[in-house]
Structure formats: structure tokens, C-alpha cells
$ cat my_file-v6.txt   # compact mmCIF, C-alpha atoms
# COMPACT_ATOMS: atom_id res chain seq x y z
CA LEU A 1 0.00 0.00 0.00
CA LEU A 2 2.79 2.40 0.93
CA SER A 3 4.59 1.61 -2.32
CA PHE A 4 1.40 2.30 -4.32
CA LEU A 5 0.80 5.64 -2.60
CA LEU A 6 4.43 6.71 -2.91
CA TYR A 7 4.64 5.79 -6.61
CA TYR A 8 1.29 7.04 -7.93
CA LEU A 9 0.41 9.94 -5.63
CA ILE A 10 3.83 11.46 -4.98
CA ALA A 11 6.52 10.28 -7.41
CA VAL A 12 4.58 10.18 -10.67
CA PRO A 13 3.19 13.76 -10.45
CA ILE A 14 6.62 15.15 -9.55
CA VAL A 15 8.36 13.16 -12.28
CA TRP A 16 5.71 14.16 -14.84
CA PHE A 17 6.27 17.85 -14.09
CA TYR A 18 10.07 17.53 -14.22
CA THR A 19 10.27 15.45 -17.40
CA LYS A 20 7.65 17.58 -19.16
CA PHE A 21 8.83 21.09 -18.33
CA VAL A 22 12.51 20.67 -17.46
CA MET A 23 13.58 17.83 -19.76
CA GLY A 24 11.02 18.62 -22.47
CA LEU A 25 9.99 14.99 -22.76
CA LYS A 26 7.53 13.87 -25.44
CA VAL A 27 6.50 10.24 -26.06
CA GLU A 28 5.58 9.09 -29.57
CA ASN A 29 3.55 5.96 -30.37
CA ARG A 30 2.60 5.30 -26.74
CA ARG A 31 -0.56 3.66 -28.12
CA ALA A 32 1.55 0.62 -29.08
CA LEU A 33 1.64 -0.27 -25.37
CA ARG A 34 -2.14 -0.64 -25.26
CA LYS A 35 -1.86 -4.03 -26.91
CA LEU A 36 -0.39 -5.44 -23.70
CA ARG A 37 -2.23 -3.54 -20.99
CA LYS A 38 -2.93 -6.78 -19.11
CA THR A 39 0.46 -8.39 -19.69
CA GLY A 40 3.92 -7.90 -18.25
CA TYR A 41 6.65 -6.97 -20.70
CA PHE A 42 10.25 -5.79 -21.02
CA LEU A 43 11.18 -2.31 -22.25
CA TYR A 44 14.66 -1.61 -23.66
CA GLY A 45 16.10 1.86 -24.15
CA ASN A 46 19.30 3.73 -25.02
CA HIS A 47 21.10 5.10 -21.96
CA THR A 48 21.61 8.85 -22.53
CA GLN A 49 20.48 10.55 -19.31
CA LEU A 50 21.64 10.34 -15.71
CA LEU A 51 17.95 10.51 -14.84
CA ASP A 52 16.92 7.82 -17.34
CA PRO A 53 15.04 5.88 -14.62
CA LEU A 54 12.49 8.72 -14.65
CA ILE A 55 11.52 8.03 -18.26
CA PRO A 56 9.97 4.50 -18.14
CA PRO A 57 7.21 5.51 -15.66
CA MET A 58 6.19 8.32 -18.04
CA VAL A 59 6.20 5.95 -21.02
CA THR A 60 4.25 3.08 -19.44
CA PHE A 61 1.80 4.94 -17.17
CA PRO A 62 -0.53 3.72 -15.67
CA LYS A 63 1.37 0.43 -15.71
CA LYS A 64 4.11 0.50 -13.09
CA ALA A 65 7.67 0.39 -14.42
CA TYR A 66 10.49 -1.37 -12.60
CA THR A 67 13.98 -0.40 -13.78
CA VAL A 68 17.04 -2.63 -13.55
CA ALA A 69 19.53 -0.37 -11.78
CA ASN A 70 23.13 -0.14 -10.66
CA PRO A 71 23.73 -1.26 -7.04
CA ASP A 72 24.70 2.35 -6.23
CA ALA A 73 21.00 3.24 -6.47
CA VAL A 74 20.36 1.46 -3.16
CA SER A 75 23.70 2.14 -1.50
CA ILE A 76 22.30 4.70 0.95
CA LYS A 77 20.71 2.77 3.81
CA PHE A 78 17.86 5.07 4.80
CA LEU A 79 16.87 5.57 1.13
CA LYS A 80 17.18 1.94 0.02
CA ASN A 81 13.60 0.90 0.74
CA ILE A 82 12.15 4.07 -0.76
CA VAL A 83 14.16 3.66 -3.97
CA MET A 84 13.02 0.04 -4.30
CA MET A 85 9.38 0.97 -3.64
CA LEU A 86 9.70 3.45 -6.49
CA GLY A 87 10.66 0.62 -8.84
CA ALA A 88 14.41 0.04 -8.68
CA LEU A 89 15.63 -3.51 -9.27
CA PRO A 90 19.30 -3.35 -8.24
CA ILE A 91 21.72 -5.76 -9.87
CA PRO A 92 23.34 -7.93 -7.16
CA THR A 93 26.97 -7.31 -6.27
CA ASP A 94 27.77 -10.99 -5.75
CA PHE A 95 26.67 -14.35 -7.12
CA SER A 96 24.72 -15.25 -3.97
CA GLY A 97 22.17 -12.52 -4.68
CA MET A 98 21.63 -13.43 -8.33
CA GLN A 99 18.86 -15.97 -7.72
CA ARG A 100 16.86 -13.46 -5.67
CA PHE A 101 17.35 -10.85 -8.39
CA ILE A 102 16.13 -13.25 -11.07
CA SER A 103 13.16 -14.19 -8.89
CA ALA A 104 12.30 -10.51 -8.37
CA VAL A 105 12.34 -9.82 -12.13
CA GLU A 106 10.15 -12.87 -12.80
CA THR A 107 7.71 -11.85 -10.05
CA ARG A 108 7.35 -8.29 -11.33
CA CYS A 109 6.84 -9.46 -14.90
CA ALA A 110 4.25 -12.05 -13.80
CA GLY A 111 2.49 -9.23 -11.92
CA LYS A 112 1.77 -7.53 -15.29
CA ASN A 113 4.34 -4.80 -14.75
CA CYS A 114 6.98 -3.34 -17.06
CA ILE A 115 10.67 -4.21 -16.57
CA ALA A 116 12.87 -1.48 -18.06
CA ILE A 117 16.44 -2.30 -19.07
CA TYR A 118 19.21 -0.13 -20.51
CA PRO A 119 21.42 -2.69 -22.30
CA GLU A 120 24.19 -0.17 -23.06
CA ALA A 121 24.87 -0.25 -19.30
CA HIS A 122 26.89 3.00 -19.04
CA VAL A 123 25.31 6.40 -19.55
CA TRP A 124 26.61 8.72 -22.30
CA PRO A 125 24.72 11.99 -21.70
CA TYR A 126 22.85 13.30 -24.75
CA TYR A 127 24.53 10.83 -27.12
CA THR A 128 22.56 10.65 -30.37
CA GLY A 129 23.88 7.33 -31.64
CA ILE A 130 23.38 3.75 -30.47
CA ARG A 131 26.31 1.94 -28.89
CA PRO A 132 26.82 -1.81 -29.42
CA PHE A 133 25.36 -3.91 -26.61
CA GLU A 134 25.42 -7.59 -25.73
CA LYS A 135 22.52 -10.03 -25.96
CA THR A 136 22.96 -10.94 -22.26
CA SER A 137 20.13 -8.72 -21.00
CA PHE A 138 17.67 -10.44 -23.34
CA ARG A 139 17.92 -13.67 -21.38
CA PHE A 140 14.90 -12.70 -19.27
CA PRO A 141 12.29 -12.29 -22.04
CA ALA A 142 13.79 -15.27 -23.90
CA GLU A 143 13.33 -17.53 -20.86
CA LEU A 144 9.99 -16.11 -19.74
CA LYS A 145 8.63 -15.89 -23.31
CA ALA A 146 7.69 -12.31 -22.50
CA PRO A 147 7.07 -9.60 -25.12
CA VAL A 148 9.56 -6.79 -25.67
CA TYR A 149 9.17 -3.10 -26.47
CA VAL A 150 11.77 -0.54 -27.48
CA MET A 151 12.01 3.10 -26.37
CA THR A 152 14.55 5.22 -28.23
CA THR A 153 15.43 8.64 -26.85
CA THR A 154 16.21 11.26 -29.50
CA TYR A 155 17.28 14.90 -29.31
CA THR A 156 15.97 17.84 -31.33
CA ARG A 157 16.09 21.61 -30.96
CA ARG A 158 13.69 22.89 -28.34
CA ARG A 159 11.69 26.06 -28.39
CA PHE A 160 10.37 27.54 -25.16
CA PHE A 161 7.84 30.35 -25.77
CA GLY A 162 9.30 30.76 -29.25
CA VAL A 163 12.91 30.96 -28.09
CA VAL A 164 15.37 28.21 -29.06
CA THR A 165 16.97 26.83 -25.89
CA LYS A 166 20.49 25.47 -25.55
CA ARG A 167 19.37 22.17 -24.10
CA PRO A 168 17.54 19.90 -26.57
CA LYS A 169 14.08 18.42 -26.44
CA LEU A 170 13.76 14.73 -25.60
CA THR A 171 11.45 12.67 -27.78
CA VAL A 172 11.03 8.98 -26.98
CA TYR A 173 9.81 6.68 -29.76
CA VAL A 174 8.07 3.47 -28.69
CA ASP A 175 8.14 0.43 -30.95
CA GLY A 176 6.93 -3.16 -30.63
CA PRO A 177 5.90 -5.52 -29.30
CA TYR A 178 8.43 -8.14 -30.35
CA TYR A 179 7.87 -11.76 -29.40
CA THR A 180 9.95 -14.88 -28.90
CA ASP A 181 9.76 -17.68 -31.47
CA SER A 182 8.56 -21.03 -30.05
CA GLU A 183 10.70 -22.89 -32.58
CA LEU A 184 13.92 -21.25 -31.42
CA SER A 185 16.09 -22.06 -28.42
CA ILE A 186 16.56 -19.59 -25.56
CA LYS A 187 19.93 -18.47 -26.95
CA GLU A 188 18.49 -18.07 -30.43
CA ASN A 189 15.60 -16.02 -29.07
CA GLN A 190 18.08 -13.88 -27.16
CA GLN A 191 19.86 -13.12 -30.39
CA GLN A 192 16.77 -12.40 -32.47
CA LEU A 193 15.31 -10.10 -29.80
CA HIS A 194 18.66 -8.33 -29.52
CA ASP A 195 18.84 -7.84 -33.28
CA LYS A 196 15.28 -6.47 -33.52
CA VAL A 197 15.78 -4.05 -30.63
CA GLU A 198 19.14 -2.86 -31.97
CA ALA A 199 17.67 -2.32 -35.46
CA ALA A 200 14.73 -0.31 -34.05
CA MET A 201 17.01 1.86 -31.91
CA ASN A 202 19.31 2.59 -34.84
CA MET A 203 16.33 3.48 -37.04
CA TYR A 204 14.73 5.90 -34.57
CA SER A 205 18.04 7.42 -33.46
CA LYS A 206 18.30 8.99 -36.92
CA LYS A 207 15.48 11.33 -35.90
CA SER A 208 17.93 13.24 -33.67
CA ASP A 209 18.96 16.50 -35.33
CA TYR A 210 20.78 18.30 -32.53
CA GLU A 211 24.09 17.38 -30.88
CA TYR A 212 24.19 18.98 -27.45
CA ILE A 213 27.40 17.15 -26.48
CA HIS A 214 29.90 16.20 -29.18
CA TYR A 215 31.67 12.86 -28.75
CA GLU A 216 34.94 12.01 -30.48
CA TYR A 217 36.88 8.75 -30.42
CA VAL A 218 40.44 9.26 -29.22
CA GLY A 219 42.63 6.31 -30.21
CA GLN A 220 45.40 5.07 -27.95
CA ASP A 221 47.98 6.06 -30.54
CA THR A 222 46.75 9.68 -30.62
CA ASP A 223 48.14 10.76 -27.28
CA ASN A 224 49.19 9.30 -23.94
CA ARG A 225 45.76 9.75 -22.43
CA GLY A 226 44.13 7.16 -24.78
$ encode --input "my_file-v6.txt" --output "C-alpha cells"
Amino acid sequence: LLSFLLYYLIAVPIVWFYTKFVMGLKVENRRALRKLRKTGYFLYGNHTQLLDPLIPPMVTFPKKAYTVANPDAVSIKFLKNIVMMLGALPIPTDFSGMQRFISAVETRCAGKNCIAIYPEAHVWPYYTGIRPFEKTSFRFPAELKAPVYVMTTTYTRRRFFGVVTKRPKLTVYVDGPYYTDSELSIKENQQQLHDKVEAAMNMYSKKSDYEYIHYEYVGQDTDNRG
């Protein structure tokens, strides 16, 4: 009960205001999620914001979104329970906690919730491309035979009362659902889900037209800093 009240009556309104007016968030094709209103699913996105965990709840509302998070998210003792009630699913720091983590993901999915995963793992703020990612994180939907959606964050020039702002506007494109194939093995389904999600992200990422932060590759032979 406390988790419900904290999530829907306190967190969601605050997050909606912040993502809408500060981050300039807009969600395209949210209607695609209506197909699975009564089913749990996995949602994969590109990791381009330090506050990326705020985005899934705005994409999936009113369905609750649980986000697979770094252990640092629950490192502060007196905030740990609050963070987890808000939907954090921290990755275990040792092998002994892995079974409980897997069980938690399965339970939340079976409860008709959304499990959000950022397969790129590390955040690159405002990056407009898609970085290569492994198929490892697709083990869950492959094993559970759960559907998968994609959310791709893009960046375009933002106007606020007619004035172009320095910080870009965030537009998230939703695509899916993608399903497992009953004739394929778990590993094969991992790969085909990975390939579909990667293709969708690369396609929608091309809608970005504004580079707020410019990234350049610096080879090890360029200077001593690598």
C-alpha cells in the first residue's frame, strides 16, 4: 500500500512535471503499449540521461515500471527501501544474490508490470547514436517468453515560448511488441530479440537533429591519455 501511494500519488506527479517542463519529454507511439495492458513486458532503451530511470514511468503509465539499476541506487541505507518501492531492481553485487534478483524480475513481470532495461549499461549523456550492446540482458524475455518493447530517446532543438533553448528536447519513440519464437532455443531467441531491438534503436536514433554534447573517439595512438 505504501509503495502504491508513494509511486502514484507522490513520485509520478513530480516526475511528470520535471520530465515535461525541465527535460522537455515527449513520447511518440505510446498507443503501441495498449496491446499489452494486461500483460507484463520488457522495455529496452538507449542510456543517454543520468535521470533515465524517470523516463519508463512516463512511457508506461498507468502500468508500473520497474527499472534494472546499478547497485549504487540502493547504497544509501535510509533511502534503500524508498528507492526500491519506487521501482528500482538493483543488480546484485555478488553471485549469492543473483537468484533473488532473477526471482524478483520474474515476479514483477508475472504481476503484469513493465521491466525497463538499458542494455548499453553506461550512460553517455545526450549521445545521439546507439552503442553496441550484448545479448545478455535479453535472457529474461527469452526464458519467460515475455514480449519486448523498445524506447529510443532522441534529441531535437527545443523552443520555449518561441525561443530556441540550448538544451535539446527529448522525444522517446516506442516500438513493438516483439515476441519470442517457439521454434527457437533460448539463446536463439536472445539473439533475435537483440537484433530487432538494436535495429529499431538505430532506425529511430536517426530522428535526432541536434548534438548537445559532441563525442569524439580518441585512439590510444593519438596521445598518452588514450
$ atom_distance --input "my_file-v6.txt" --atom1 "atom CA of A:Asn113" --atom2 "atom CA of A:Val172"
19.6 Å
$ closest_residue --input "my_file-v6.txt" --among "A:Gly87, A:Gly176, A:Pro132, A:Gly45" --to "A:Ala65" --atoms "all atoms listed in the file"
A:Gly87
$ residues_around --input "my_file-v6.txt" --residues "stretch 98-106 of chain A" --least-positions-apart "3" --cutoff "9 Å" --atoms "only C-alpha atoms" --output "list in words"
Tyr66, Val68, Leu89, Pro90, Ile91, Pro92, Thr93, Asp94, Phe95, Cys109, Ala110, Gly111, Ile115, Phe140 and Leu144 of chain A
$ residues_around --input "my_file-v6.txt" --residues "A:Thr60" --least-positions-apart "4" --cutoff "9 Å" --atoms "all atoms listed in the file" --output "JSON, numbers by chain"
{"A": [30, 33, 55, 56, 64, 65, 114]}
$ residues_around --input "my_file-v6.txt" --residues "A:Glu120" --least-positions-apart "2" --cutoff "6 Å" --atoms "only C-alpha atoms" --output "ChimeraX atom specification"
/A:118,122,133
$ write_last_selection --input "my_file-v6.txt" --atoms "C-alpha atoms" --output "PDB file, in the frame of the given file"
ATOM      1  CA  TYR A 118      19.210  -0.130 -20.510  1.00  0.00           C
ATOM      2  CA  HIS A 122      26.890   3.000 -19.040  1.00  0.00           C
ATOM      3  CA  PHE A 133      25.360  -3.910 -26.610  1.00  0.00           C
TER       4      PHE A 133
END
$ atom_distance --input "my_file-v6.txt" --atom1 "atom CA of A:Thr67" --atom2 "atom CA of A:Ile82"
13.9 Å
$ closest_residue --input "my_file-v6.txt" --among "A:Ile130, A:Val164, A:Val174, A:Leu193" --to "A:Ser205" --atoms "only C-alpha atoms"
A:Ile130
